[in-house]
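Text of entry-v7.cif, listed as mmCIF, N, CA and C atoms:
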```
data_work
loop_
_atom_site.label_atom_id
_atom_site.label_comp_id
_atom_site.auth_asym_id
_atom_site.auth_seq_id
_atom_site.Cartn_x
_atom_site.Cartn_y
_atom_site.Cartn_z
N MET A 1157 -15.17 -12.87 -11.79
CA MET A 1157 -15.18 -11.87 -10.73
C MET A 1157 -14.20 -12.24 -9.63
N ASN A 1158 -14.21 -13.51 -9.19
CA ASN A 1158 -13.27 -13.96 -8.17
C ASN A 1158 -11.83 -13.80 -8.62
N LYS A 1159 -11.60 -14.02 -9.91
CA LYS A 1159 -10.26 -13.88 -10.46
C LYS A 1159 -9.78 -12.44 -10.30
N ASP A 1160 -10.67 -11.48 -10.59
CA ASP A 1160 -10.32 -10.07 -10.43
C ASP A 1160 -10.04 -9.74 -8.97
N LEU A 1161 -10.88 -10.26 -8.06
CA LEU A 1161 -10.67 -10.00 -6.63
C LEU A 1161 -9.34 -10.57 -6.16
N ASP A 1162 -9.01 -11.76 -6.64
CA ASP A 1162 -7.72 -12.37 -6.30
C ASP A 1162 -6.57 -11.54 -6.83
N HIS A 1163 -6.73 -11.03 -8.04
CA HIS A 1163 -5.67 -10.23 -8.64
C HIS A 1163 -5.50 -8.90 -7.90
N ILE A 1164 -6.62 -8.30 -7.51
CA ILE A 1164 -6.56 -7.05 -6.75
C ILE A 1164 -5.87 -7.29 -5.41
N GLN A 1165 -6.21 -8.38 -4.73
CA GLN A 1165 -5.57 -8.71 -3.45
C GLN A 1165 -4.07 -8.91 -3.63
N LYS A 1166 -3.69 -9.63 -4.68
CA LYS A 1166 -2.27 -9.86 -4.96
C LYS A 1166 -1.57 -8.54 -5.26
N THR A 1167 -2.23 -7.67 -5.99
CA THR A 1167 -1.66 -6.36 -6.31
C THR A 1167 -1.46 -5.54 -5.04
N LYS A 1168 -2.42 -5.58 -4.11
CA LYS A 1168 -2.26 -4.87 -2.84
C LYS A 1168 -1.08 -5.42 -2.06
N GLU A 1169 -0.95 -6.73 -2.05
CA GLU A 1169 0.20 -7.35 -1.36
C GLU A 1169 1.51 -6.90 -2.01
N ASP A 1170 1.55 -6.86 -3.34
CA ASP A 1170 2.75 -6.42 -4.05
C ASP A 1170 3.08 -4.96 -3.72
N LEU A 1171 2.04 -4.12 -3.66
CA LEU A 1171 2.26 -2.71 -3.31
C LEU A 1171 2.80 -2.56 -1.89
N LEU A 1172 2.28 -3.37 -0.97
CA LEU A 1172 2.78 -3.34 0.40
C LEU A 1172 4.25 -3.76 0.44
N ILE A 1173 4.60 -4.80 -0.29
CA ILE A 1173 6.00 -5.26 -0.34
C ILE A 1173 6.89 -4.18 -0.93
N GLN A 1174 6.44 -3.55 -2.01
CA GLN A 1174 7.22 -2.47 -2.61
C GLN A 1174 7.38 -1.30 -1.64
N GLY A 1175 6.30 -1.00 -0.91
CA GLY A 1175 6.36 0.08 0.09
C GLY A 1175 7.37 -0.23 1.17
N VAL A 1176 7.38 -1.47 1.65
CA VAL A 1176 8.34 -1.88 2.68
C VAL A 1176 9.76 -1.72 2.14
N GLU A 1177 9.99 -2.16 0.91
CA GLU A 1177 11.32 -2.04 0.32
C GLU A 1177 11.76 -0.59 0.22
N LYS A 1178 10.85 0.29 -0.20
CA LYS A 1178 11.17 1.73 -0.31
C LYS A 1178 11.50 2.31 1.07
N LEU A 1179 10.70 1.97 2.08
CA LEU A 1179 10.95 2.49 3.42
C LEU A 1179 12.27 1.98 3.98
N LYS A 1180 12.61 0.74 3.70
CA LYS A 1180 13.89 0.22 4.18
C LYS A 1180 15.05 0.94 3.52
N ILE A 1181 14.90 1.29 2.25
CA ILE A 1181 15.95 2.03 1.54
C ILE A 1181 16.22 3.37 2.21
N ILE A 1182 15.17 4.02 2.70
CA ILE A 1182 15.37 5.33 3.31
C ILE A 1182 15.66 5.25 4.82
N GLY A 1183 15.84 4.02 5.32
CA GLY A 1183 16.33 3.89 6.68
C GLY A 1183 15.40 3.30 7.72
N PHE A 1184 14.18 2.97 7.34
CA PHE A 1184 13.25 2.37 8.29
C PHE A 1184 13.44 0.85 8.28
N THR A 1185 14.44 0.40 8.99
CA THR A 1185 14.84 -1.01 8.93
C THR A 1185 13.86 -1.96 9.62
N ASN A 1186 13.00 -1.45 10.48
CA ASN A 1186 12.06 -2.32 11.22
C ASN A 1186 10.70 -2.46 10.56
N VAL A 1187 10.50 -1.80 9.42
CA VAL A 1187 9.19 -1.86 8.76
C VAL A 1187 8.99 -3.24 8.13
N THR A 1188 7.77 -3.74 8.23
CA THR A 1188 7.39 -5.02 7.62
C THR A 1188 6.02 -4.86 6.97
N VAL A 1189 5.61 -5.87 6.21
CA VAL A 1189 4.26 -5.83 5.63
C VAL A 1189 3.20 -5.89 6.73
N HIS A 1190 3.58 -6.34 7.91
CA HIS A 1190 2.63 -6.45 9.02
C HIS A 1190 2.45 -5.14 9.78
N ASN A 1191 3.44 -4.25 9.73
CA ASN A 1191 3.29 -3.01 10.48
C ASN A 1191 3.28 -1.75 9.62
N ILE A 1192 3.39 -1.90 8.31
CA ILE A 1192 3.42 -0.71 7.44
C ILE A 1192 2.09 0.06 7.50
N LEU A 1193 1.01 -0.62 7.84
CA LEU A 1193 -0.29 0.05 7.92
C LEU A 1193 -0.75 0.25 9.35
N THR A 1194 0.17 0.07 10.32
CA THR A 1194 -0.21 0.27 11.72
C THR A 1194 0.60 1.36 12.41
N GLU A 1195 1.81 1.59 11.96
CA GLU A 1195 2.67 2.62 12.56
C GLU A 1195 2.50 3.93 11.79
N GLU A 1196 2.19 4.99 12.49
CA GLU A 1196 1.85 6.26 11.83
C GLU A 1196 2.94 6.76 10.89
N ILE A 1197 4.19 6.68 11.28
CA ILE A 1197 5.26 7.17 10.42
C ILE A 1197 5.36 6.36 9.14
N TYR A 1198 5.16 5.05 9.24
CA TYR A 1198 5.17 4.20 8.06
C TYR A 1198 3.99 4.52 7.16
N ILE A 1199 2.82 4.74 7.76
CA ILE A 1199 1.62 5.07 7.01
C ILE A 1199 1.84 6.36 6.22
N LEU A 1200 2.45 7.34 6.85
CA LEU A 1200 2.71 8.62 6.20
C LEU A 1200 3.56 8.42 4.94
N TYR A 1201 4.66 7.71 5.08
CA TYR A 1201 5.54 7.48 3.93
C TYR A 1201 4.88 6.59 2.89
N PHE A 1202 4.16 5.57 3.31
CA PHE A 1202 3.50 4.66 2.37
C PHE A 1202 2.42 5.40 1.59
N SER A 1203 1.68 6.28 2.26
CA SER A 1203 0.66 7.09 1.58
C SER A 1203 1.29 7.93 0.49
N THR A 1204 2.43 8.53 0.80
CA THR A 1204 3.15 9.34 -0.18
C THR A 1204 3.59 8.48 -1.36
N TYR A 1205 4.08 7.28 -1.07
CA TYR A 1205 4.48 6.35 -2.12
C TYR A 1205 3.30 6.03 -3.03
N LEU A 1206 2.13 5.75 -2.45
CA LEU A 1206 0.95 5.44 -3.26
C LEU A 1206 0.55 6.62 -4.14
N LYS A 1207 0.64 7.83 -3.60
CA LYS A 1207 0.28 9.02 -4.37
C LYS A 1207 1.22 9.24 -5.55
N LYS A 1208 2.46 8.80 -5.42
CA LYS A 1208 3.46 9.02 -6.47
C LYS A 1208 3.37 8.02 -7.61
N ILE A 1209 2.54 7.01 -7.47
CA ILE A 1209 2.37 6.05 -8.56
C ILE A 1209 1.49 6.72 -9.61
N SER A 1210 2.14 7.31 -10.60
CA SER A 1210 1.43 8.14 -11.57
C SER A 1210 0.89 7.36 -12.77
N ASP A 1211 1.39 6.17 -12.98
CA ASP A 1211 0.97 5.41 -14.15
C ASP A 1211 0.67 3.96 -13.77
N PRO A 1212 -0.50 3.74 -13.12
CA PRO A 1212 -0.85 2.37 -12.75
C PRO A 1212 -0.87 1.46 -13.98
N LYS A 1213 -0.48 0.21 -13.78
CA LYS A 1213 -0.33 -0.74 -14.89
C LYS A 1213 -1.66 -1.17 -15.50
N ASN A 1214 -2.71 -1.25 -14.67
CA ASN A 1214 -4.00 -1.74 -15.17
C ASN A 1214 -5.11 -1.34 -14.20
N ASP A 1215 -6.34 -1.70 -14.55
CA ASP A 1215 -7.49 -1.35 -13.70
C ASP A 1215 -7.39 -1.96 -12.31
N ASN A 1216 -6.88 -3.17 -12.22
CA ASN A 1216 -6.75 -3.82 -10.91
C ASN A 1216 -5.78 -3.06 -10.01
N GLU A 1217 -4.70 -2.53 -10.58
CA GLU A 1217 -3.77 -1.74 -9.78
C GLU A 1217 -4.42 -0.44 -9.33
N ILE A 1218 -5.19 0.17 -10.19
CA ILE A 1218 -5.91 1.39 -9.82
C ILE A 1218 -6.84 1.10 -8.63
N ILE A 1219 -7.58 0.02 -8.71
CA ILE A 1219 -8.50 -0.37 -7.63
C ILE A 1219 -7.73 -0.68 -6.35
N ALA A 1220 -6.62 -1.41 -6.47
CA ALA A 1220 -5.82 -1.76 -5.30
C ALA A 1220 -5.29 -0.51 -4.60
N ILE A 1221 -4.82 0.45 -5.38
CA ILE A 1221 -4.30 1.71 -4.81
C ILE A 1221 -5.43 2.45 -4.10
N LYS A 1222 -6.60 2.53 -4.74
CA LYS A 1222 -7.74 3.22 -4.13
C LYS A 1222 -8.16 2.54 -2.83
N GLU A 1223 -8.17 1.21 -2.82
CA GLU A 1223 -8.57 0.48 -1.62
C GLU A 1223 -7.57 0.70 -0.48
N LEU A 1224 -6.29 0.69 -0.80
CA LEU A 1224 -5.27 0.94 0.23
C LEU A 1224 -5.39 2.36 0.77
N LYS A 1225 -5.59 3.33 -0.11
CA LYS A 1225 -5.76 4.73 0.33
C LYS A 1225 -7.00 4.86 1.21
N SER A 1226 -8.08 4.19 0.82
CA SER A 1226 -9.31 4.23 1.61
C SER A 1226 -9.09 3.62 2.99
N PHE A 1227 -8.39 2.49 3.04
CA PHE A 1227 -8.09 1.85 4.32
C PHE A 1227 -7.29 2.79 5.22
N ILE A 1228 -6.31 3.46 4.64
CA ILE A 1228 -5.47 4.39 5.41
C ILE A 1228 -6.32 5.55 5.92
N THR A 1229 -7.18 6.09 5.08
CA THR A 1229 -8.04 7.21 5.49
C THR A 1229 -8.95 6.79 6.64
N LYS A 1230 -9.58 5.63 6.52
CA LYS A 1230 -10.47 5.15 7.59
C LYS A 1230 -9.69 4.92 8.88
N ARG A 1231 -8.49 4.40 8.75
CA ARG A 1231 -7.66 4.14 9.94
C ARG A 1231 -7.33 5.45 10.65
N ARG A 1232 -7.04 6.48 9.88
CA ARG A 1232 -6.69 7.78 10.47
C ARG A 1232 -7.87 8.44 11.15
N GLU A 1233 -9.07 8.14 10.66
CA GLU A 1233 -10.29 8.74 11.24
C GLU A 1233 -10.61 8.16 12.61
N ASN A 1234 -10.15 6.95 12.89
CA ASN A 1234 -10.46 6.30 14.18
C ASN A 1234 -9.54 6.70 15.28
#
```
Take the structure in the file and give it back as structure tokens.
Amino acid sequence: MNKDLDHIQKTKEDLLIQGVEKLKIIGFTNVTVHNILTEEIYILYFSTYLKKISDPKNDNEIIAIKELKSFITKRREN
């Protein structure tokens, strides 16, 4: 179980890194893994990126995507 949790956490970190790379490509040069989930404009683009992942690699990636989406939704509600 701990192994799966570690893998899910690593997958979330990888998704955040990929999101940062995508945002930098489109011109958001100040985005980092530390602010991608705190700045509204970054959240908007990162949410879109997560929605476009149409073929998750495995169950852990599916869970990681769902957890990130849930975190973003809760953040927006506050």
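Excluding stretch 1164-1170 of chain A itself and any same-chain residue fewer than 6 positions from it, the protein and nucleic acid residues within 12 Å of it, counting only C-alpha atoms, are A:Met1157, A:Asn1158, A:Val1176, A:Glu1177, A:Thr1188, A:Val1189, A:His1190, A:Ile1192, A:Leu1193, A:Leu1206, A:Pro1212, A:Lys1213, A:Asn1214, A:Asp1215, A:Asn1216, A:Glu1217, A:Ile1218, A:Ile1219, A:Ala1220, A:Ile1221, A:Lys1222, A:Glu1223, A:Leu1224, A:Lys1225, A:Phe1227.
Put simply, atom CA of A:Tyr1198 is 20.4 Å away from atom CA of A:Ser1210.
For the atom pair formed by atom N of A:Phe1184 and atom C of A:Ile1197, the distance is 9.6 Å, given to one decimal.
Across the model, the gap from atom C of A:Asp1160 to atom N of A:Ile1199 is 25.6 Å.
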- Query: Around (5.0, 3.4, 1.6) in the file's frame, which residues reach within 7 Å when counting all atoms listed in the file? Return as number ranges by chain?
  - Reply: A: 1174-1176, 1178-1179, 1198-1206
